[in-house]
Amino acid sequence: MKKIIMLSALPAIALTAACGQDSAVEERGDMLEERADAVEDYGNDRAAALEERADEMPTQAGEDRLNAKAERIDDIGDNRAEALNERADEME
């Protein structure tokens, strides 16, 4: 998973380099923004997978349980990404 996150950050790093020199702090902020995007995407993917499993549950109670778990996971990912973005904004 870490390899995927790092590979997804490479295009952003290349674009940053093409735009001129950033300070070390700005570069760390940019990396945090990329990390935030990866965290949010991961949470969204996990939530979507749980929602698909929920649709296959034989009972409504089971479906509701998995949907609630999916919502919590999505919220956790969104909150963590927001916190990372706030720290990144402070660095810019």
# chains A, B, ... in the order shown; residues from 1 in each chain; ligands from 1

$ residues_around --residues "range 19-33 of chain A" --least-positions-apart "4" --cutoff "6 Å" --atoms "only C-alpha atoms" --output "list of chain:residue names"
A:Asn85, A:Ala88, A:Met91, A:Glu92

$ residues_around --residues "range 56-73 of chain A" --least-positions-apart "5" --cutoff "7 Å" --atoms "only C-alpha atoms" --output "PyMOL selection string"
chain A and resi 43+47+50-51

$ atom_distance --atom1 "CA of Arg80 in chain A" --atom2 "CA of Asp55 in chain A"
26.9 Å

$ closest_residue --among "A:Glu90, A:Asp74, A:Glu82, A:Glu52" --to "Arg35 in chain A" --atoms "only C-alpha atoms"
A:Glu82

$ residues_around --residues "Glu40 in chain A" --least-positions-apart "6" --cutoff "7 Å" --atoms "only C-alpha atoms" --output "PyMOL selection string"
chain A and resi 77-78+81

$ atom_distance --atom1 "CA of Asp45 in chain A" --atom2 "CA of Asp89 in chain A"
25.2 Å
